[in-house]
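Coordinates as given in my_file24.txt (compact mmCIF, C-alpha atoms and all ligand atoms):
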```txt
# COMPACT_ATOMS: atom_id res chain seq x y z
CA MET A 1 3.18 -12.75 -13.64
CA PRO A 2 -0.01 -11.31 -15.12
CA LEU A 3 -2.99 -13.61 -14.57
CA ARG A 4 -4.63 -12.28 -17.69
CA PRO A 5 -3.60 -9.84 -20.39
CA PRO A 6 -3.54 -6.22 -19.23
CA ILE A 7 -6.61 -4.29 -20.26
CA ARG A 8 -4.60 -1.15 -20.87
CA GLY A 9 -5.93 0.94 -23.72
CA LEU A 10 -9.56 0.82 -22.69
CA HIS A 11 -9.18 4.03 -20.73
CA ARG A 12 -8.31 6.06 -23.76
CA GLU A 13 -11.73 5.27 -25.14
CA GLN A 14 -13.45 5.94 -21.81
CA ALA A 15 -11.68 9.21 -21.30
CA SER A 16 -13.40 10.83 -24.21
CA GLY A 17 -16.66 10.35 -22.32
CA THR A 18 -19.79 10.60 -24.39
CA ASP A 19 -18.01 12.30 -27.23
CA PRO A 20 -16.49 9.43 -29.19
CA ALA A 21 -15.74 11.64 -32.19
CA VAL A 22 -13.03 13.41 -30.26
CA GLU A 23 -9.98 11.72 -28.92
CA ARG A 24 -8.67 14.41 -26.68
CA SER A 25 -5.20 14.51 -25.27
CA ALA A 26 -5.02 14.07 -21.54
CA GLN A 27 -4.19 17.76 -21.17
CA GLN A 28 -7.19 18.85 -23.23
CA GLU A 29 -9.51 16.53 -21.33
CA VAL A 30 -8.25 17.73 -17.95
CA ALA A 31 -8.60 21.37 -19.03
CA ARG A 32 -12.18 20.68 -20.21
CA LEU A 33 -13.07 19.04 -16.89
CA ALA A 34 -11.50 21.81 -14.83
CA GLU A 35 -13.81 24.31 -16.54
CA LEU A 36 -17.04 22.42 -15.94
CA ARG A 37 -19.34 24.19 -13.52
CA ALA A 38 -20.14 20.93 -11.75
CA VAL A 39 -16.44 20.29 -11.16
CA HIS A 40 -16.13 23.79 -9.68
CA GLU A 41 -18.97 22.91 -7.34
CA ALA A 42 -17.05 19.81 -6.26
CA PHE A 43 -13.93 21.92 -5.68
CA ALA A 44 -15.96 24.34 -3.57
CA TRP A 45 -17.36 21.37 -1.61
CA PHE A 46 -13.84 20.48 -0.46
CA CYS A 47 -13.43 23.94 1.10
CA SER A 48 -16.91 24.27 2.59
CA HIS A 49 -16.59 20.83 4.24
CA SER A 50 -13.04 21.24 5.53
CA ARG A 51 -14.05 21.28 9.21
CA GLU A 52 -16.26 18.21 8.76
CA LEU A 53 -13.39 16.38 7.06
CA GLU A 54 -11.12 17.18 10.01
CA ASP A 55 -13.74 15.88 12.46
CA ARG A 56 -14.03 12.65 10.47
CA GLN A 57 -10.27 12.31 10.45
CA LEU A 58 -10.03 12.60 14.25
CA GLU A 59 -12.97 10.19 14.61
CA VAL A 60 -11.49 7.45 12.42
CA THR A 61 -8.02 7.81 13.96
CA ALA A 62 -9.52 7.11 17.40
CA ILE A 63 -10.74 3.68 16.22
CA PRO A 64 -7.80 1.25 16.60
CA ALA A 65 -6.93 -0.67 13.43
CA PRO A 66 -3.97 -2.96 14.19
CA TYR A 67 -2.85 -5.82 11.94
CA CYS A 68 -5.82 -8.20 11.57
CA GLY A 69 -7.94 -5.94 13.80
CA GLU A 70 -9.45 -3.47 11.35
CA GLY A 71 -13.03 -4.66 11.98
CA ALA A 72 -14.40 -1.68 13.93
CA ARG A 73 -12.86 0.79 11.52
CA GLY A 74 -14.33 -1.13 8.59
CA GLU A 75 -17.81 -0.95 10.15
CA TRP A 76 -17.37 2.80 10.58
CA LEU A 77 -16.34 3.19 6.94
CA LYS A 78 -19.33 1.17 5.74
CA LEU A 79 -21.66 3.68 7.39
CA ARG A 80 -19.76 6.59 5.83
CA PHE A 81 -19.96 4.96 2.37
CA GLU A 82 -23.72 4.58 2.82
CA GLU A 83 -24.05 8.23 3.85
CA ALA A 84 -22.11 9.20 0.72
CA GLY A 85 -24.81 7.46 -1.32
CA LEU A 86 -22.54 4.74 -2.71
CA ALA A 87 -24.15 1.57 -4.05
CA GLU A 88 -23.44 -2.05 -3.11
CA VAL A 89 -21.74 -1.10 0.14
CA HIS A 90 -20.37 -4.28 1.67
CA GLN A 91 -17.42 -5.95 3.35
CA ASP A 92 -15.66 -9.09 2.13
CA GLU A 93 -14.50 -11.97 4.33
CA LEU A 94 -11.18 -10.27 5.11
CA GLY A 95 -12.79 -6.97 6.08
CA ASN A 96 -12.15 -4.97 2.91
CA VAL A 97 -14.95 -2.40 2.49
CA PHE A 98 -16.43 -1.58 -0.93
CA GLY A 99 -18.84 1.02 -2.30
CA ILE A 100 -19.60 1.86 -5.92
CA ARG A 101 -20.59 5.06 -7.64
CA PRO A 102 -22.16 3.73 -10.82
CA GLY A 103 -21.49 5.45 -14.13
CA ILE A 104 -23.49 5.58 -17.34
CA LYS A 105 -21.44 2.73 -18.83
CA ASN A 106 -21.28 0.18 -16.05
CA ASP A 107 -19.68 -2.50 -18.16
CA SER A 108 -16.58 -0.30 -18.57
CA PRO A 109 -13.59 -1.14 -16.37
CA CYS A 110 -13.95 0.84 -13.18
CA ILE A 111 -11.58 3.38 -11.66
CA ALA A 112 -10.82 2.28 -8.12
CA LEU A 113 -9.82 4.64 -5.32
CA SER A 114 -8.45 2.84 -2.29
CA ALA A 115 -7.15 3.73 1.15
CA HIS A 116 -5.73 1.23 3.60
CA LEU A 117 -7.54 0.96 6.91
CA ASP A 118 -4.78 -0.57 9.02
CA THR A 119 -2.13 1.19 11.06
CA VAL A 120 1.28 0.03 12.29
CA PHE A 121 0.20 0.34 15.92
CA PRO A 122 -0.32 -2.97 17.73
CA ALA A 123 -3.52 -3.74 19.63
CA GLY A 124 -3.46 -2.08 23.03
CA THR A 125 -1.55 1.03 21.90
CA GLU A 126 -3.01 4.02 23.69
CA ILE A 127 -4.59 6.19 21.07
CA SER A 128 -5.34 9.80 21.87
CA VAL A 129 -6.32 12.26 19.19
CA ARG A 130 -6.48 16.02 19.42
CA ARG A 131 -6.71 19.23 17.45
CA GLU A 132 -4.14 21.81 18.46
CA ALA A 133 -3.84 25.15 16.74
CA ASP A 134 -4.41 24.22 13.08
CA LYS A 135 -3.00 20.71 13.25
CA LEU A 136 -4.46 17.30 14.01
CA TYR A 137 -2.55 14.80 16.15
CA GLY A 138 -2.88 11.06 16.68
CA PRO A 139 -1.20 7.78 15.72
CA GLY A 140 -2.14 7.10 12.10
CA ILE A 141 -3.70 10.55 11.58
CA SER A 142 -1.84 10.92 8.25
CA ASP A 143 -1.07 7.30 7.43
CA ASN A 144 -3.74 6.56 6.63
CA SER A 145 -6.65 8.49 8.12
CA SER A 146 -5.91 11.28 5.64
CA GLY A 147 -6.31 8.77 2.79
CA ILE A 148 -9.58 7.42 4.18
CA VAL A 149 -10.94 10.96 4.55
CA ALA A 150 -9.83 11.87 1.01
CA MET A 151 -11.92 8.98 -0.30
CA LEU A 152 -14.93 10.21 1.69
CA ALA A 153 -14.40 13.75 0.38
CA ILE A 154 -14.39 12.55 -3.24
CA ALA A 155 -17.52 10.43 -2.67
CA GLY A 156 -19.26 13.30 -0.83
CA ALA A 157 -18.42 15.91 -3.46
CA LEU A 158 -19.60 13.59 -6.25
CA ARG A 159 -22.86 12.96 -4.36
CA ASP A 160 -23.59 16.70 -4.10
CA ALA A 161 -22.24 18.08 -7.37
CA PRO A 162 -24.09 17.32 -10.63
CA ILE A 163 -21.31 15.27 -12.21
CA THR A 164 -22.13 12.27 -14.39
CA ASN A 165 -19.21 9.88 -14.60
CA VAL A 166 -19.05 7.48 -17.53
CA ALA A 167 -17.17 4.49 -16.07
CA PRO A 168 -18.08 3.43 -12.53
CA ILE A 169 -15.91 4.57 -9.64
CA LEU A 170 -15.14 1.99 -6.97
CA PHE A 171 -14.19 3.03 -3.43
CA ILE A 172 -12.20 0.57 -1.34
CA GLY A 173 -11.10 0.67 2.30
CA ASN A 174 -8.65 -2.23 2.40
CA VAL A 175 -7.06 -4.13 5.27
CA GLY A 176 -3.48 -5.30 5.74
CA GLU A 177 -1.21 -2.85 3.93
CA GLU A 178 1.38 -2.18 6.61
CA GLY A 179 4.29 -4.40 7.67
CA GLU A 180 3.03 -7.83 8.64
CA GLY A 181 -0.17 -7.21 6.69
CA ASN A 182 2.00 -7.72 3.61
CA LEU A 183 -0.66 -6.20 1.29
CA ARG A 184 -3.05 -9.02 2.23
CA GLY A 185 -6.17 -6.91 1.64
CA MET A 186 -5.23 -5.77 -1.86
CA ARG A 187 -3.84 -9.19 -2.73
CA HIS A 188 -7.18 -10.76 -1.77
CA ILE A 189 -9.16 -8.23 -3.81
CA PHE A 190 -7.16 -9.00 -6.96
CA HIS A 191 -7.64 -12.71 -6.39
CA GLN A 192 -11.40 -12.29 -6.75
CA ARG A 193 -12.60 -12.79 -10.31
CA ARG A 194 -15.12 -9.98 -9.93
CA TRP A 195 -12.53 -7.34 -9.10
CA LEU A 196 -9.76 -8.74 -11.26
CA ASP A 197 -12.08 -8.48 -14.25
CA SER A 198 -13.59 -5.10 -13.43
CA ILE A 199 -10.84 -2.87 -11.97
CA GLY A 200 -9.09 -1.11 -14.85
CA THR A 201 -7.05 1.40 -12.85
CA LEU A 202 -6.28 1.72 -9.16
CA ILE A 203 -5.31 4.89 -7.32
CA ALA A 204 -4.20 4.11 -3.78
CA ILE A 205 -4.43 7.17 -1.55
CA ASP A 206 -1.77 6.77 1.08
CA GLY A 207 -0.65 9.43 3.55
CA ALA A 208 -0.49 13.20 3.21
CA GLY A 209 0.98 15.38 0.47
CA SER A 210 0.58 16.13 -3.23
CA GLU A 211 4.18 16.07 -4.38
CA THR A 212 4.72 12.42 -5.24
CA ILE A 213 3.47 9.86 -7.72
CA ILE A 214 4.43 6.36 -6.60
CA ALA A 215 4.42 4.63 -9.95
CA GLU A 216 7.27 2.23 -9.37
CA GLY A 217 6.60 -0.64 -7.04
CA LEU A 218 9.48 -1.52 -4.75
CA GLY A 219 9.61 -5.27 -4.29
CA SER A 220 10.46 -6.74 -0.94
CA ARG A 221 10.80 -10.19 0.51
CA ARG A 222 11.16 -10.94 4.19
CA TYR A 223 12.36 -14.06 5.90
CA GLU A 224 12.48 -15.67 9.28
CA VAL A 225 15.53 -17.90 9.56
CA THR A 226 15.69 -20.41 12.40
CA VAL A 227 18.54 -22.68 13.46
CA ARG A 228 17.69 -25.48 15.92
CA GLY A 229 19.98 -27.68 17.98
CA MET A 230 19.80 -30.03 20.96
CA GLY A 231 20.76 -27.42 23.52
CA GLY A 232 22.50 -28.35 26.72
CA HIS A 233 24.72 -27.29 29.56
CA SER A 234 27.49 -24.84 28.75
CA TRP A 235 30.05 -26.94 30.71
CA SER A 236 28.98 -30.55 30.56
CA ASP A 237 27.70 -30.46 26.95
CA PHE A 238 30.48 -28.28 25.63
CA GLY A 239 31.15 -29.12 22.01
CA LEU A 240 27.53 -29.52 20.91
CA PRO A 241 26.80 -27.13 18.05
CA ASN A 242 25.42 -23.80 19.17
CA PRO A 243 22.51 -22.40 17.07
CA ILE A 244 23.40 -18.79 17.94
CA VAL A 245 26.96 -19.29 16.74
CA ALA A 246 25.64 -21.05 13.62
CA LEU A 247 23.28 -18.16 12.93
CA ALA A 248 26.14 -15.72 13.38
CA HIS A 249 28.06 -17.60 10.67
CA VAL A 250 24.97 -17.48 8.41
CA ILE A 251 24.74 -13.71 8.90
CA GLU A 252 28.42 -13.30 8.19
CA ARG A 253 28.16 -15.27 4.94
CA PHE A 254 24.87 -13.82 3.76
CA THR A 255 25.73 -10.17 4.35
CA ARG A 256 28.85 -10.52 2.20
CA THR A 257 26.56 -11.13 -0.83
CA PRO A 258 27.25 -8.34 -3.33
CA VAL A 259 24.23 -6.24 -4.36
CA PRO A 260 23.96 -3.85 -7.32
CA THR A 261 23.43 -0.12 -6.87
CA THR A 262 21.27 -0.16 -10.04
CA PRO A 263 18.68 -1.49 -9.59
CA LYS A 264 19.08 -0.51 -5.96
CA THR A 265 18.97 -3.67 -3.89
CA THR A 266 19.30 -3.93 -0.12
CA HIS A 267 19.34 -6.45 2.69
CA ASN A 268 18.97 -6.04 6.41
CA VAL A 269 19.09 -8.35 9.43
CA GLY A 270 16.46 -6.61 11.52
CA THR A 271 15.99 -8.76 14.61
CA ILE A 272 17.78 -11.65 16.24
CA GLN A 273 16.56 -13.83 19.06
CA GLY A 274 17.54 -17.02 20.83
CA GLY A 275 18.86 -18.65 23.94
CA THR A 276 17.58 -18.82 27.49
CA SER A 277 20.49 -18.24 29.84
CA VAL A 278 24.20 -17.49 29.82
CA ASN A 279 25.17 -21.01 30.89
CA SER A 280 22.95 -22.90 28.43
CA ILE A 281 23.71 -23.93 24.88
CA PRO A 282 20.60 -22.57 23.16
CA GLN A 283 18.08 -24.81 21.41
CA THR A 284 17.09 -22.20 18.84
CA ALA A 285 18.23 -18.95 17.27
CA THR A 286 16.08 -16.90 14.91
CA MET A 287 16.58 -13.82 12.82
CA ARG A 288 14.37 -11.74 10.58
CA VAL A 289 15.75 -10.49 7.30
CA ASP A 290 14.36 -7.86 4.94
CA THR A 291 15.43 -7.69 1.28
CA ARG A 292 14.33 -5.02 -1.20
CA SER A 293 14.82 -4.36 -4.87
CA ALA A 294 13.14 -2.97 -7.95
CA SER A 295 14.11 -6.23 -9.64
CA VAL A 296 12.56 -9.63 -8.95
CA GLU A 297 15.76 -11.31 -10.22
CA GLU A 298 17.84 -9.54 -7.57
CA LEU A 299 15.37 -10.61 -4.87
CA ASP A 300 15.65 -14.19 -6.16
CA LYS A 301 19.46 -13.98 -6.04
CA LEU A 302 19.40 -12.77 -2.45
CA GLU A 303 17.01 -15.56 -1.49
CA ARG A 304 19.36 -18.14 -3.00
CA ALA A 305 22.31 -16.56 -1.17
CA LEU A 306 20.44 -16.74 2.13
CA ARG A 307 19.43 -20.38 1.65
CA ASP A 308 22.95 -21.34 0.50
CA ALA A 309 24.54 -19.63 3.51
CA LEU A 310 22.27 -21.56 5.87
CA ASP A 311 22.85 -24.92 4.13
CA MET A 312 26.60 -24.38 4.08
CA VAL A 313 26.79 -23.50 7.77
CA ILE A 314 24.58 -26.42 8.83
CA ALA A 315 26.70 -28.81 6.75
CA THR A 316 30.04 -27.62 8.06
CA MET A 317 29.43 -26.74 11.72
CA PRO A 318 31.70 -28.85 13.89
CA GLY A 319 29.76 -30.77 16.51
CA ARG A 320 31.00 -34.15 17.66
CA GLY A 321 30.85 -35.34 14.06
CA ARG A 322 27.07 -35.67 13.90
CA LYS A 323 25.41 -33.69 11.14
CA ASP A 324 21.89 -34.17 12.47
CA LEU A 325 22.65 -32.13 15.57
CA LEU A 326 21.64 -28.92 13.83
CA SER A 327 18.82 -28.06 11.49
CA GLY A 328 17.82 -24.86 9.79
CA GLU A 329 14.74 -23.40 8.16
CA VAL A 330 13.99 -20.34 6.02
CA LYS A 331 10.40 -19.14 6.16
CA ILE A 332 9.08 -16.37 3.88
CA ILE A 333 7.14 -13.95 6.08
CA GLY A 334 6.54 -11.22 3.50
CA ASP A 335 6.52 -10.98 -0.27
CA ARG A 336 5.65 -7.82 -2.16
CA PRO A 337 6.04 -8.04 -5.93
CA ALA A 338 8.13 -5.47 -7.81
CA ALA A 339 6.65 -3.86 -10.94
CA ASP A 340 6.59 -0.44 -12.62
CA LEU A 341 3.88 1.56 -14.31
CA PRO A 342 4.96 2.05 -17.96
CA LEU A 343 6.00 5.63 -18.68
CA ASP A 344 3.54 5.83 -21.59
CA SER A 345 0.56 4.66 -19.53
CA ARG A 346 -2.67 6.63 -19.69
CA LEU A 347 -2.70 6.96 -15.91
CA LEU A 348 0.70 8.65 -15.73
CA GLU A 349 -0.20 10.89 -18.67
CA VAL A 350 -3.39 11.96 -16.88
CA ILE A 351 -1.70 12.67 -13.54
CA HIS A 352 1.00 14.74 -15.23
CA ALA A 353 -1.74 16.66 -17.06
CA VAL A 354 -3.64 17.21 -13.80
CA ASP A 355 -0.47 18.43 -12.08
CA ALA A 356 0.18 20.84 -14.94
CA GLN A 357 -3.41 22.09 -14.75
CA LEU A 358 -3.19 22.63 -10.97
CA ARG A 359 0.37 23.99 -11.19
CA ASN A 360 1.44 21.24 -8.84
CA VAL A 361 4.98 19.87 -8.95
CA ALA A 362 5.25 16.15 -8.29
CA LYS A 363 7.97 13.55 -8.75
CA VAL A 364 7.63 9.93 -9.78
CA GLN A 365 8.99 7.74 -6.99
CA ARG A 366 9.50 4.15 -6.00
CA ALA A 367 7.95 2.62 -2.89
CA SER A 368 6.16 -0.43 -1.63
CA THR A 369 2.40 0.24 -1.53
CA ASP A 370 -0.95 -1.37 -2.29
CA ALA A 371 -0.33 -0.37 -5.93
CA ASN A 372 2.35 -3.11 -6.15
CA ILE A 373 -0.36 -5.76 -6.47
CA PRO A 374 -2.26 -4.40 -9.51
CA LEU A 375 1.07 -3.27 -11.08
CA SER A 376 2.38 -6.83 -10.80
CA LEU A 377 -0.75 -8.01 -12.65
CA GLY A 378 -0.18 -5.59 -15.53
CA ARG A 379 -2.82 -3.08 -14.40
CA GLU A 380 -2.31 0.65 -14.24
CA ALA A 381 -1.90 1.76 -10.64
CA VAL A 382 -0.25 4.44 -8.53
CA ALA A 383 -0.18 5.59 -4.95
CA ILE A 384 -0.61 9.31 -4.34
CA GLY A 385 -1.10 11.48 -1.28
CA ALA A 386 -4.28 12.88 0.22
CA GLY A 387 -3.09 16.51 0.22
CA GLY A 388 -2.14 18.62 3.23
CA SER A 389 1.05 17.70 5.03
CA GLY A 390 2.04 15.33 7.77
CA GLY A 391 4.91 14.06 9.84
CA GLY A 392 5.93 11.59 12.52
CA ALA A 393 4.58 8.70 10.45
CA HIS A 394 4.56 5.35 12.27
CA THR A 395 5.04 7.07 15.66
CA ILE A 396 2.48 8.00 18.28
CA ASN A 397 3.42 11.67 17.70
CA GLU A 398 2.08 11.63 14.17
CA TRP A 399 0.47 14.87 12.95
CA TYR A 400 -1.49 16.19 9.99
CA ASP A 401 -1.80 19.76 8.78
CA PRO A 402 -4.93 20.22 6.61
CA ALA A 403 -3.56 23.39 4.93
CA GLY A 404 -3.47 22.54 1.22
CA ARG A 405 -5.70 19.50 1.54
CA ASP A 406 -7.96 20.90 -1.19
CA LEU A 407 -5.10 20.76 -3.72
CA GLY A 408 -4.65 17.03 -3.04
CA LEU A 409 -8.40 16.42 -3.31
CA LYS A 410 -8.72 18.37 -6.57
CA ARG A 411 -5.82 16.33 -7.91
CA ILE A 412 -7.48 13.02 -7.02
CA LEU A 413 -10.87 14.15 -8.33
CA LEU A 414 -9.58 15.43 -11.69
CA THR A 415 -7.48 12.31 -12.20
CA THR A 416 -10.43 10.06 -11.39
CA LEU A 417 -12.82 11.97 -13.66
CA ALA A 418 -10.36 12.17 -16.55
CA LEU A 419 -9.99 8.40 -16.37
CA SER A 420 -13.65 7.57 -15.91
CA GLY A 421 -14.88 10.16 -18.38
CA VAL A 422 -17.57 12.76 -17.66
CA ALA A 423 -20.73 13.18 -19.71
CA GLU A 424 -21.20 16.67 -21.11
ZN ZN A 501 0.22 3.98 4.47
```
Using structure tokens, write down the structure from this file.
Amino acid sequence: MPLRPPIRGLHREQASGTDPAVERSAQQEVARLAELRAVHEAFAWFCSHSRELEDRQLEVTAIPAPYCGEGARGEWLKLRFEEAGLAEVHQDELGNVFGIRPGIKNDSPCIALSAHLDTVFPAGTEISVRREADKLYGPGISDNSSGIVAMLAIAGALRDAPITNVAPILFIGNVGEEGEGNLRGMRHIFHQRRWLDSIGTLIAIDGAGSETIIAEGLGSRRYEVTVRGMGGHSWSDFGLPNPIVALAHVIERFTRTPVPTTPKTTHNVGTIQGGTSVNSIPQTATMRVDTRSASVEELDKLERALRDALDMVIATMPGRGRKDLLSGEVKIIGDRPAADLPLDSRLLEVIHAVDAQLRNVAKVQRASTDANIPLSLGREAVAIGAGGSGGGAHTINEWYDPAGRDLGLKRILLTTLALSGVAE
């Protein structure tokens, strides 16, 4: 639920920059920006600094950033933000890193560019990075070192090109996007009054590519379900209820729950654990369940089905007639809100205009990203790629090809400037 009314609509005013007499269409504004000499200088910056950007990308990939261990990478980013001349560079208590490029109207809602710092690789993963032929290799090199580097490229180009933005531009390196992180970094940011009140639009740069616009937040909820019993000997205690068998019944019941194809809704039992030896009745059995949907109501229905299946099995398991021999618990271990960017939003209009200007073809897609958080609060937000191409995401064989990175960077820059407004 929105914590406060959406501040949509303010951007239309900002986007006309210092020329309030003219309310330009997004396409006209983007075309105007693309012709500015200063913007051409910024475009040229992306090409003349391509080798430096690659070096930065290898450097940041080599700094491990597992779940809740993004500290060293955050320190590195702070230094880079300072070098890029950003103001108020600091880290919050979770490790999110901030830097601001002020505008000429600093009370306007800011345009935030974010890139998540964390990777899916647990602490202790051997991380080796290398450049081979024209490609870069290393775990996390695309997801999300390419996003971090895109942010630095935008900040660097704005430092060196004579562009005067109207609304301030906020740069964020956030923690906790992947898996267990459960969007903790972005969630924390939007719980702070300062950011909740000041961020008008958020563009999360996540992974390589220029061909998608993630404007529809895929909701997900994850559970850990545990069944506990007394345990015992397989021979002498035979007849005591068995938590693994109980859990099997829960799975059987739960997975029969019908789900709609529209909105697409899914469930998955991903892991199952329990028991100690073949001749022991186990004391516990645990499973982890992932549910996803574009609709919060469908996620709620699945949650009820899961809880009902567990209650029913616990209540009806035979076991020497004693109901207290088994107990069960459902713990929520992940919750990502579902929400969509309205089709008539200024942000979507601007990105489509930028894509038309750059002759880029991109599709609106649904996924679970940092943008879910502001979208669920009624803010305009998307996740887009950093340009170039990549593959092997979430594996140690991940790669990034910088060919075409400049297209992605131009796309991010034009979108940001069209939203913030540029003084003539
Ligand atoms: Zn990512």
Quiz item: Can I get the residues close to ligand ZN 501 (chain A) as a PyMOL selection string, where close means within 10 Å and we count only C-alpha atoms and all ligand atoms?
Solution: chain A and resi 115-120+140+142-147+177-179+204-208+368-370+383+385+393-394
Exercise. Go through A:Ala215, A:Leu409, A:Leu152, A:Ala161 and flag the residue nearest Arg379 (chain A), using only C-alpha atoms for the distances.
Key: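 Closest to Arg379 (chain A), using only C-alpha atoms: A:Ala215.
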9 Å contact set for Gly69 (chain A), only C-alpha atoms, chain neighbours under 3 positions out, as a PDB file with C-alpha atoms, in the frame of the given file:
```
ATOM      1  CA  PRO A  64      -7.800   1.250  16.600  1.00  0.00           C
ATOM      2  CA  ALA A  65      -6.930  -0.670  13.430  1.00  0.00           C
ATOM      3  CA  PRO A  66      -3.970  -2.960  14.190  1.00  0.00           C
ATOM      4  CA  ALA A  72     -14.400  -1.680  13.930  1.00  0.00           C
ATOM      5  CA  ARG A  73     -12.860   0.790  11.520  1.00  0.00           C
ATOM      6  CA  ASP A 118      -4.780  -0.570   9.020  1.00  0.00           C
ATOM      7  CA  ALA A 123      -3.520  -3.740  19.630  1.00  0.00           C
ATOM      8  CA  VAL A 175      -7.060  -4.130   5.270  1.00  0.00           C
TER       9      VAL A 175
END
```
Exercise. May I have the residues at most 12 Å from (-17.4, -7.7, 1.6) in the file's coordinates, counting all atoms listed in the file, as a PyMOL selection string?
Key: chain A and resi 71+74-75+78+88-99+172-175+185+188-189+192+194-195
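For the atom pair formed by CA of Asp134 (chain A) and CA of Thr212 (chain A), the distance is 23.6 Å, given to one decimal.
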Exercise. Enter the distance from CA of Phe190 (chain A) to CA of Ile104 (chain A), in Å, rounded to one decimal.
Key: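 So the two atoms, CA of Phe190 (chain A) and CA of Ile104 (chain A), lie 24.2 Å apart.
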Exercise. Name the residues in contact with Thr262 (chain A) at a cut-off of 10 Å, using all atoms listed in the file, excluding same-chain residues fewer than 5 positions from it; report them as a ChimeraX atom specification.
Key: /A:293-295
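Considering all atoms listed in the file, the residue among A:Glu70, A:Glu59, A:Asp237, A:Asp344 positioned nearest to Ser128 (chain A) is A:Glu59.
Between CA of Val250 (chain A) and CA of Thr316 (chain A) there is a distance of 11.3 Å.
Between Ser277 (chain A) and the residues A:Ser234, A:Ser376, A:Thr261, A:Thr164, the shortest atom-to-atom distance, using all atoms listed in the file, involves A:Ser234.
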Quiz item: A:Glu82, A:Asp311, A:Asp335, A:Glu126: which is nearest Gly138 (chain A), counting only C-alpha atoms?
Solution: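 Of A:Glu82, A:Asp311, A:Asp335, A:Glu126, the one nearest Gly138 (chain A) is A:Glu126, counting only C-alpha atoms.
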Quiz item: Within 10 Å of Leu247 (chain A), counting all atoms listed in the file, which residues qualify if same-chain residues fewer than 4 places away don't, as a ChimeraX atom specification?
Solution: /A:225-228,242-243,251-253,272,274,284-287,309-310,313-314,328
Self-check item: Given only C-alpha atoms as the counted atoms, nearest of A:Val382, A:Ile373, A:Val39, A:Ile244 to Met317 (chain A)
Solution: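 Counting only C-alpha atoms, the residue closest to Met317 (chain A) is A:Ile244.
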Practice problem: Pick out the residues sitting within 6 Å of region 24-27 of chain A, and hand them over as a PyMOL selection string; count only C-alpha atoms, and ignore anything fewer than 2 positions along from it in its own chain. | Solution: chain A and resi 22+29-30+350+353
Quiz item: Counting only C-alpha atoms, which of A:Glu298, A:Pro337, A:Ala155, A:Pro168 gets nearest to Thr201 (chain A)?
Solution: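 Among the listed residues, A:Pro168 lies closest to Thr201 (chain A).
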Practice problem: Give me the residues within 9 Å of Val269 (chain A) as a list in words, counting all atoms listed in the file and dropping any in the same chain fewer than 5 places off. | Solution: Ile251, Thr255, Met287, Arg288, Val289, Asp290 and Thr291 of chain A
Next, the residues of the selection above should be written as a tab-separated table (two decimals), keeping the file's coordinate frame with C-alpha atoms.
```tsv
chain	number	residue	atom	x	y	z
A	251	ILE	CA	24.74	-13.71	8.90
A	255	THR	CA	25.73	-10.17	4.35
A	287	MET	CA	16.58	-13.82	12.82
A	288	ARG	CA	14.37	-11.74	10.58
A	289	VAL	CA	15.75	-10.49	7.30
A	290	ASP	CA	14.36	-7.86	4.94
A	291	THR	CA	15.43	-7.69	1.28
```
Exercise. Taking (-0.8, 13.8, 18.5) in the file's own coordinates, collect the residues within 9 Å, counting all atoms listed in the file, and hand them back as a ChimeraX atom specification.
Key: /A:127-132,135-139,141,396-400
